[in-house]
Amino acid sequence: MYLPTAQEMASALFYLHEQLTTLSLIDYSQSNGVVDAASRLKAFGSSKSWRYRIERSKPLILIPVLSAKLNADISPIVFIDIEVDEALWEKKRFPLKTLNLTLEIINKSNGRLIHRSHIDLATCNNKGEYQDGPIFHLQFGGKSGAKENEPAIFKLRRPRWLHPPMDLFLMAEMLIANFYPEQWDKLKKQGDWISLVTDSQKLCYKPFFDIANEKIANDSLLNSFWASNWDDNQN
């Protein structure tokens, strides 16, 4: 398995911010938490146990883009809490200890939230009991910490869909490819960007699909990744 150091992750975050700025995908005058997260990570140097957050109060906001279906500009907003633990990595267990990656999309014409989804690591209580659902899951709506007067559709907790974990770089790639095709055409040709994305794939996707490939012929993948079975299936 692959696990970057805190310094390597800081450099990757600085590079991400630079590319988003160069491609005019963020408003440079609008502060976001990417640089702050990178600066904090630098202090951990060569440690392979690290955590960074991009808070709801200072999210990554991409520039508005026209939605033809809505006849309105929309803006993707991302915040994340992600933590890796070298001790898990050394035991050849999945190195992600914390993951909550949230995407919101706002209709800029009226300020309304039109989409919220999370890619999460299932939570575990003090008794060692996991919440119901796959250990890594995609959830539409869910807890937000936002306004209580949101429509009920944004408060649904289930279903939780089995989904490989993603980090900020994989989310950024997905958003750019979907909403900003001209910038995506430029970015995907850059060797440094491809290297950054493949590192994220090795951290997030490879251990997930290694387990999936092992289990796919003799067990339900949903059962294999069900949170209550997770610890046993890694041993």
# chains A, B, ... in the order shown; residues from 1 in each chain; ligands from 1
call {"tool": "residues_around", "arguments": {"residues": "Asn233 in chain A", "least_positions_apart": "3", "cutoff": "7 Å", "atoms": "only C-alpha atoms", "output": "PyMOL selection string"}}
result
chain A and resi 224+229-230
call {"tool": "closest_atom_pairs", "arguments": {"of": "range 32-86 of chain A", "to": "range 165-173 of chain A", "cutoff": "10 Å", "atoms": "only C-alpha atoms", "output": "tab-separated table"}}
result
residue	atom	partner	partner_atom	distance
A:Val34	CA	A:Leu168	CA	9.6
A:Ile54	CA	A:Leu168	CA	9.5
A:Leu60	CA	A:Ala172	CA	9.7
A:Leu62	CA	A:Ala172	CA	9.4
A:Pro76	CA	A:Ala172	CA	9.9
A:Val78	CA	A:Leu168	CA	8.2
A:Phe79	CA	A:Leu168	CA	8.3
A:Ile80	CA	A:Leu168	CA	7.2
A:Asp81	CA	A:Asp167	CA	9.2
A:Ile82	CA	A:Asp167	CA	7.6
call {"tool": "residues_around", "arguments": {"residues": "range 96-106 of chain A", "least_positions_apart": "5", "cutoff": "7 Å", "atoms": "only C-alpha atoms", "output": "ChimeraX atom specification"}}
result
/A:74-85,111-121
call {"tool": "atom_distance", "arguments": {"atom1": "CA of Tyr2 in chain A", "atom2": "CA of Ala87 in chain A"}}
result
13.1 Å
